[in-house]
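Participant: Please read through the structure below; I'll follow up with questions.
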Amino acid sequence: MMNLEGQTALITGAGGGIGRTISVKLAESGADIVLVDMSPDVAEVRGEVESLGQKCLTFEADVTDFDAIDVMVKSAVEELGSIHILVNNAGITQDNLFMRMKPEQWSKVIDVNLNGVFNVTKAVIRPMVKQRAGKIINISSVVGFSGNPGQVNYSSTKSALVGFTKSLAREVGARGITVNAVAPGFIDTAMTQALNESQQEVILQQIPLGRMGDAEDIANAVAFLASKEASYITGTILHVNGGMY
Ligand code: NAP
């Protein structure tokens, strides 16, 4: 177990499968938690975090709303003193073959998965620079590296996060801030439960470890990158995919 005592972590998409598990893992490691999600399910996660003895704030907020995110981060910093760890986890899919993909499906996915990361990171970077410390962890995806039919929009955002991660790491390293990404493979959550049985079968055949990942596999990688044990790692993509890429 990593030791994150005295740290405050903000997690977006904290009501979903992976975000929830990351939030609880960081709380188990001793961090206070700021949960951000569009979904009211985030209230349940708060109960779990508080039962571990950590402070917890929840915000039902949309990462695509630049101004609302800015206000939210200011209020979290005021209440908890600082944000030391940011996990940009909120993400959506709107799959369609490219020939059929509507401009709205393209724009919506870019807005949440990429502009959302810009908005939240912009709000959090100032307090991090001021305190000369911070850990930013972006959740990319294996399909940002391998590509996937039906996911031109989604995989484009997930590869874009690689450029985002590497460039920002170079900009803010001198301020004591690390920026890394975790690229999950296929993880058993609502997002992948939407795949039919034959799609799941095809995916399983590509995974040397022979199983889908679970959210805990991703949370462990995030907790490591958030810890002081990872303090000399920046601009890196940690692949957590059972060997499929
Ligand atoms: P999930 O269960 O669908 O959770 C995503 C969460 O983000 C949901 O609670 C969702 O709220 C929230 N969200 C969506 N749009 C938002 C917005 N505009 N502002 C704030 N919150 C928003 O998905 P997941 O599987 O946990 O995925 C988490 C991250 O891992 C995503 O970035 C995803 O791309 C990435 N990932 C997942 C897999 C996988 O196999 N599951 C693989 C690779 C990468 P609503 O429920 O209200 O929409």
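Ordered as shown in the structure tokens, chains take letters A, B, and onward, while each chain numbers its residues from 1 and ligands are numbered from 1 in the order shown.
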Give me every helix (DSSP H, G or I) residue in region 49-132 of chain A, going by DSSP on the backbone, as a PyMOL selection string.
Facilitator: chain A and resi 49-51+66-80+98-100+103-131
Participant: Using only C-alpha atoms and all ligand atoms, which protein or nucleic acid residues are at most 8 Å from ligand 1, as a count of residues only?
Facilitator: 50
Participant: Select, from A:Val71, A:His84, A:Phe66, A:Lys102, the residue with the minimum atom-to-atom distance to Asp32 (chain A), counting only C-alpha atoms.
Facilitator: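 Between A:Val71, A:His84, A:Phe66, A:Lys102, the residue approaching Asp32 (chain A) most closely is A:His84.
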Participant: Restricting the calculation to only C-alpha atoms, which member of A:Leu35, A:Ile136, A:Ala219, A:Val45 is positioned closest to Leu57 (chain A)?
Facilitator: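 Under the stated criterion, the closest residue is A:Leu35.
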Participant: Any idea what's packed within 6 Å of Ala169 (chain A), counting only C-alpha atoms, ignoring anything in its chain fewer than 4 positions away? Could you give it as a list in words?
Facilitator: Thr165, Gly173, Thr178, Val179 and Gly235 of chain A
Participant: Output the selection as a short mmCIF file (atom, residue, chain, number, x, y, z; two decimals), in the first residue's frame - N, CA, C and O atoms for each residue.
Facilitator:
```cif
data_model
loop_
_atom_site.label_atom_id
_atom_site.label_comp_id
_atom_site.auth_asym_id
_atom_site.auth_seq_id
_atom_site.Cartn_x
_atom_site.Cartn_y
_atom_site.Cartn_z
N THR A 165 0.26 14.77 -22.12
CA THR A 165 1.04 14.32 -20.96
C THR A 165 2.52 14.64 -21.13
O THR A 165 3.16 15.20 -20.23
N GLY A 173 7.97 20.26 -15.11
CA GLY A 173 8.90 19.44 -14.32
C GLY A 173 9.72 20.29 -13.35
O GLY A 173 9.91 19.92 -12.18
N THR A 178 4.87 16.27 -11.63
CA THR A 178 5.00 15.18 -12.60
C THR A 178 3.67 15.00 -13.34
O THR A 178 2.60 15.24 -12.78
N VAL A 179 3.79 14.60 -14.59
CA VAL A 179 2.59 14.37 -15.42
C VAL A 179 2.78 13.04 -16.14
O VAL A 179 3.74 12.86 -16.89
N GLY A 235 6.23 12.18 -17.70
CA GLY A 235 6.11 12.10 -19.16
C GLY A 235 5.98 10.67 -19.67
O GLY A 235 6.19 10.38 -20.84
#
```
Participant: Using DSSP on the backbone coordinates, identify the residues of region 112-179 of chain A assigned to strand (DSSP E); present them as JSON, numbers by chain.
Facilitator: {"A": [134, 135, 136, 137, 138, 139, 177, 178, 179]}
Participant: Could you write out that same residue set with N, CA, C and O atoms as a short mmCIF file (atom, residue, chain, number, x, y, z; two decimals), in the first residue's frame?
Facilitator:
```cif
data_model
loop_
_atom_site.label_atom_id
_atom_site.label_comp_id
_atom_site.auth_asym_id
_atom_site.auth_seq_id
_atom_site.Cartn_x
_atom_site.Cartn_y
_atom_site.Cartn_z
N GLY A 134 3.13 18.49 -7.30
CA GLY A 134 1.86 17.97 -7.82
C GLY A 134 2.08 16.74 -8.67
O GLY A 134 3.18 16.51 -9.20
N LYS A 135 1.04 15.95 -8.76
CA LYS A 135 1.08 14.73 -9.60
C LYS A 135 -0.18 14.75 -10.45
O LYS A 135 -1.30 14.74 -9.90
N ILE A 136 0.00 14.78 -11.75
CA ILE A 136 -1.15 14.74 -12.66
C ILE A 136 -1.12 13.39 -13.38
O ILE A 136 -0.08 12.99 -13.93
N ILE A 137 -2.24 12.69 -13.33
CA ILE A 137 -2.31 11.36 -13.95
C ILE A 137 -3.52 11.35 -14.88
O ILE A 137 -4.65 11.55 -14.45
N ASN A 138 -3.26 11.15 -16.17
CA ASN A 138 -4.32 11.13 -17.18
C ASN A 138 -4.66 9.70 -17.54
O ASN A 138 -3.76 8.87 -17.69
N ILE A 139 -5.94 9.42 -17.68
CA ILE A 139 -6.34 8.06 -18.07
C ILE A 139 -6.54 8.03 -19.58
O ILE A 139 -7.52 8.55 -20.11
N ILE A 177 6.34 19.24 -10.53
CA ILE A 177 5.07 18.57 -10.88
C ILE A 177 5.37 17.46 -11.90
O ILE A 177 6.05 17.69 -12.90
N THR A 178 4.87 16.27 -11.63
CA THR A 178 5.00 15.18 -12.60
C THR A 178 3.67 15.00 -13.34
O THR A 178 2.60 15.24 -12.78
N VAL A 179 3.79 14.60 -14.59
CA VAL A 179 2.59 14.37 -15.42
C VAL A 179 2.78 13.04 -16.14
O VAL A 179 3.74 12.86 -16.89
#
```
Participant: Using Å and a single decimal, report how far CA of Gln206 (chain A) sits from CA of Val162 (chain A).
Facilitator: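 Separation of CA of Val162 (chain A) and CA of Gln206 (chain A): 22.9 Å.
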Participant: As a ChimeraX atom specification, please: the residues near Val202 (chain A) (cut-off 12 Å, only C-alpha atoms, same-chain neighbours under 5 positions excluded).
Facilitator: /A:186,195-197,207,210-212,244
Participant: Could the residues in this selection be saved with N, CA and C atoms as a compact mmCIF listing (two decimals), in the first residue's frame?
Facilitator:
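Now in out14.txt:
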```
# COMPACT_ATOMS: atom_id res chain seq x y z
N PHE A 186 -8.61 -3.58 -21.75
CA PHE A 186 -10.06 -3.74 -21.58
C PHE A 186 -10.35 -4.09 -20.13
N LEU A 195 -20.28 -4.05 -24.59
CA LEU A 195 -19.87 -4.88 -25.74
C LEU A 195 -20.64 -6.19 -25.71
N ASN A 196 -20.98 -6.73 -26.91
CA ASN A 196 -21.70 -8.01 -26.89
C ASN A 196 -20.72 -9.17 -26.67
N GLU A 197 -21.28 -10.38 -26.48
CA GLU A 197 -20.45 -11.52 -26.09
C GLU A 197 -19.37 -11.84 -27.11
N ILE A 207 -5.57 -11.02 -25.42
CA ILE A 207 -4.94 -10.67 -24.13
C ILE A 207 -4.10 -11.84 -23.62
N GLY A 210 -5.09 -13.54 -20.55
CA GLY A 210 -6.30 -14.35 -20.66
C GLY A 210 -7.51 -13.86 -19.88
N ARG A 211 -7.49 -12.62 -19.44
CA ARG A 211 -8.67 -12.08 -18.74
C ARG A 211 -8.75 -10.57 -18.98
N MET A 212 -9.97 -10.04 -18.84
CA MET A 212 -10.11 -8.59 -18.82
C MET A 212 -9.49 -8.08 -17.52
N MET A 244 -1.76 -7.08 -23.95
CA MET A 244 -2.36 -7.04 -25.30
C MET A 244 -1.71 -6.01 -26.20
```
Participant: Counting only C-alpha atoms, which of A:Thr21, A:Thr58, A:Ser198, A:Thr121 gets nearest to Asp217 (chain A)?
Facilitator: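 Once distances to Asp217 (chain A) are computed over only C-alpha atoms, the minimum belongs to A:Thr21.
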Participant: If you measure from CA of Glu44 (chain A) to CA of Leu4 (chain A), what distance in Å do you get, rounded to one decimal?
Facilitator: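 CA of Glu44 (chain A) sits 22.1 Å away from CA of Leu4 (chain A).
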Participant: Could you please determine the separation between CA of Phe98 (chain A) and CA of Gly144 (chain A) in Å, to one decimal place?
Facilitator: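 We find that CA of Phe98 (chain A) and CA of Gly144 (chain A) lie 15.7 Å from each other.
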